[in-house]
Amino acid sequence: MAAIDPPLPVANSPRRIQRLTSLRRFATEFFRSPQTAIGTLIVIFFLLLAIFGPAFAPYKANDQNHPVSHQPSAEYPMGTDYLGRDVYSRVILGARSILVTAGAGTLIAVVLGTFLGLAVGYQGGLVDEIIGRFIDAFLALPALLIALVILGVLRNLNPPPGSWQAVLSDRSVLVVIAIVYIPLVARVVRSSTLDVKTREFIWAAQIRGETWLYILFREILPSVAPALVVEASLRFSYAIFLVASLGFLGVGARPPSPDWGLMVNENRGGIYALSPWALNYPALAIAVLVVGVNIMSDGIKRIVQRG
Amino acid sequence: MEAVHDFRLAIQSGQVYGLVGESGSGKSTVASAVMRYVPHNGRIERGSVVNFQGVNLVEKSLREMQQIWAHDLTLVPQNPGAALNPSIRIGEQLAELMRLQRRLPESVVQERVLESLHRVNLPDPRAILTRYPHQLSGGQQQRVMIAMALIPSPQMLILDEPTTNLDVTTEATILDLIETLIRSEGTGALYITHNLGVVAQLCDRAAVMYAGEILEDAEINDLFAGPLHPYTIGLLNSIPRAGQTKRERPLATIPGKPPLLQERPNACVFSDRCPLVIDICRTEKPPLESSGENRLVRCHRWREIEAGNVDAVYPTEIESDVAELAHREILLQAHNLSKTFNSQSTLFNVLGGKVSPPTHAVEDVTLSILKGRTYGLVGESGSGKTTLARMIIGLTEPTSGEIALMGIDLQGDVRQRSREVLAQLQMIFQNPQMSLNPYLTVGEAIRRPLIKLAQLTYTQAEAEARRLLKAVNLREEYVDRYPSELSGGEKQRVAIARAFASNPALIVCDEPVSALDVSVQSAVLNLLVQLQEERNAAYLFISHDLAVVGYLADYVAVMYLGELFEVGYARDLFSPPLHPYTEALISAIPVPDPAIRTDRIHLSGEIPSPAHKPTGCAFHTRCPHKLGQICEVESPPWQHHGNEHHIRCHRTPEELAQIQAYLLNKAKA
């Protein structure tokens, strides 16, 4: 065969080069704007904190045997709060819970929302019409309001320990994020699906007798993926904000956990004058992380949409 | 990268100059260069001259060009839908142009706008003034664009494929309009197209372009009667003409594909595909020489071609036996097939109990497809062709009627059909860009039906996929490619390979070549014929192009507004056409021969919407030989005219034949 039809390394190499360059192009393009680079570095920094935080934190989160409302010093870089807890350690240790809750919640929302969006968009007709209106109605309500209602329900279940309701209740913020964002993700995926499903390669798959699931995930999903990636990164940044907001409102993480939003809540009011640093630093951490994720997702969007 | 090289052309006022070439040949680049409308990453090389009435346009500033665009040099674009502003009413868009010309009182402007629409024969222009572009059909939009281009009474008009996206019958009326207007205004025109038929009917002179160079430039009659360049010869032989069948005269195909612009050889650009190539062609670029009075050609061997010493013979790729049709078994039979669409079932409509009248997309269609033969189905867009195809393939469930495959009743849609039935019915789609999943490789696309329907193992499927690729004349390495790495013709070949993978008995081909370039078209058509011979598959071949259907099909059905009006063997349908609709379809095809300038029969108006189908005979609103009241009231009966030739008309076949004979005599006289 080699004599007639020599293997063509030349024919293959442009493709590999193309792949490499496109990966490299992705990277260069991604970091070309300094904002994107900064955003990504911020996110990476917080990820490292979440993973290795306990190794860096000088004290335990709830150690109270420190001076009360001590101002920042070499020993307590961010000072201590009114109960004598080290703010620096609490900020570091709080990174994990906010990233895990927001990340896992977003992930669940993306997975379920994608499935719902694909199924509804592909099915079309009355199913689409009904679920579509339902999603629209859901989106008309402020996310925070829905979150509060759901949290109220989950918290008041008072489930017996060990039951599945108890598991849900313990992870209530995560569940809230998933529920609030499923319709949003579904809507984006649905609209891309509506476009893709009219393409003739979908007909070809139907004519082959492909199953519904095969068509959704093998034929449609890859075309939807770019829009999905953009939506997921955007959802993640909003999820972080929502976790912090719920903590601040006192319906998220429960005391004494080192949640940033909760810390802001605990240290406001009359106590603020005694130890302003105990509020300022967690608030700064929230702000920096939210801005970082936002800038990064902007960068992703720019590249994906340029194709 | 040089897109256009050494381009020379002189257009006189009152002359219609054709510029022919396939996509990527640089036609549109020339148009935009002449208009000085070059994209940011392009430039017109130093030394280029566009002499327009004694002025060199290349040296003009943008401001000066705007004046010229507004008064002397206008463009009719290919896609009127994109050229009109979707959010401004037609009347306002025209008035805007009118005001740009001269300061006129508003009442005069409105009057002139109305006049300009009258001039392009738009029905009810007053109503059109207040419409938005999306409320007009493609043909109407193009008429508006022509009206716009003519508002300043320009010295020169550039038309960039103005009829490419239109139906044949609409195309014919637009071409006539363009011809009358240009002739009456004495405007010079550059007409860009890939359709040699259009050039033959409309132009005085034409240049053939290939890979950014002019290969031949001559008066129309000379070009068609004695083409000197092998490429021109190949193009002329690769288009099916009305009445030409695969059995009598197969199409020539030009093998290979045009060179990429960045790889254009510094030699004859056509040398890779030329049947007359000699050594010098590959080393030296031939000059554009004058081969006679008013004639230019760029070929090393034009003298030999002119003297008749050599002949540019292209492969035809078909060895077909002329087997008798009648003895074939029936493969698929559809009986009284109908499809009615109800109004969209939106939640509001359902809750509000609103019901608009149903649309009869396909009505009472009966057809039988023979084993290993081609059944052609012709009709304009909106005639229900695709709905019929979808019903047969099982993507749409018929409202009533039966479909039987080899005597077995097919019920419901694809989801209810067994694997064996699915394997027997496959489909090739119109748009190769959309019929392959951009995220799956060619190999994955072809292996899937092999595994799913033919139940091969992965390794077997892999080997078979390579065999199939070779069968459709693609290299085996293509298995690892993504569709974006293929050209349009190659994608369509992959789609054909995929359709043949399960070794089906019937393949529904829905306009498989209408999105392809001319020279690629003939190759794909011939490939379909060849595969049919080898694998004994039957085709249901759907197209709006009667010449293509007539060439490929053994038996043809003509469809209008969801109903069949004439069925018969391909050869009987053309000589002469009997049904008035078939007649109109045939005469609408631009004949690639300037000697035959047909007195075209034109269908007035647009095809009615299937939602408001005319009563009686659905064709009576546009019929040139309408009999009278009976046509408006009564549905016409089927009449037999020998040799399985059936016509649905209130006139008898004999009467229709007489009309044709009369018309023929009149044309001769």
# chains A, B, ... in the order shown; residues from 1 in each chain; ligands from 1

$ interface_residues --of "chain A" --to "chain B" --cutoff "8 Å" --atoms "only C-alpha atoms" --output "list in words"
Gly125, Leu126, Glu129, Ile130, Arg199, Glu200, Phe201, Ile202, Trp203, Ala204, Gln206, Ile207, Arg208, Gly209, Glu219, Pro222 and Ser223 of chain A

$ residues_around --residues "A:Val87" --least-positions-apart "5" --cutoff "12 Å" --atoms "only C-alpha atoms" --output "PyMOL selection string"
chain A and resi 57-64+66-73+75-82+92-94+258-260+263-264+267+275-283+285

$ select_by_dssp --residues "stretch 491-548 of chain B" --states "strand (DSSP E)" --output "NGL selection string"
:B and (506-510 or 538-543)

$ write_last_selection --atoms "N, CA and C atoms" --output "compact mmCIF listing (two decimals), in the first residue's frame"
# COMPACT_ATOMS: atom_id res chain seq x y z
N LEU B 506 -33.41 2.68 -1.23
CA LEU B 506 -33.90 3.97 -1.75
C LEU B 506 -33.17 5.11 -1.04
N ILE B 507 -32.68 6.06 -1.85
CA ILE B 507 -32.08 7.26 -1.27
C ILE B 507 -32.88 8.46 -1.75
N VAL B 508 -33.35 9.24 -0.80
CA VAL B 508 -34.05 10.47 -1.15
C VAL B 508 -33.00 11.56 -1.28
N CYS B 509 -32.90 12.15 -2.47
CA CYS B 509 -31.91 13.20 -2.70
C CYS B 509 -32.66 14.52 -2.78
N ASP B 510 -32.53 15.34 -1.75
CA ASP B 510 -33.26 16.61 -1.72
C ASP B 510 -32.35 17.74 -2.21
N ALA B 538 -32.32 2.88 -5.64
CA ALA B 538 -33.26 3.77 -6.32
C ALA B 538 -33.12 5.16 -5.71
N TYR B 539 -33.39 6.18 -6.52
CA TYR B 539 -33.36 7.55 -6.00
C TYR B 539 -34.74 8.18 -6.13
N LEU B 540 -35.09 8.96 -5.12
CA LEU B 540 -36.16 9.94 -5.30
C LEU B 540 -35.41 11.25 -5.37
N PHE B 541 -35.29 11.80 -6.58
CA PHE B 541 -34.43 12.95 -6.79
C PHE B 541 -35.26 14.22 -6.90
N ILE B 542 -35.07 15.11 -5.92
CA ILE B 542 -35.89 16.30 -5.84
C ILE B 542 -35.08 17.52 -6.26
N SER B 543 -35.65 18.35 -7.13
CA SER B 543 -34.92 19.55 -7.52
C SER B 543 -35.88 20.57 -8.09

$ atom_distance --atom1 "atom CA of B:Asn342" --atom2 "atom CA of B:Asp167"
26.3 Å

$ residues_around --residues "stretch 141-151 of chain A" --least-positions-apart "4" --cutoff "9 Å" --atoms "only C-alpha atoms" --output "ChimeraX atom specification"
/A:137,155-156,169,172-173,175-177,179-181,242,245-246,251-252
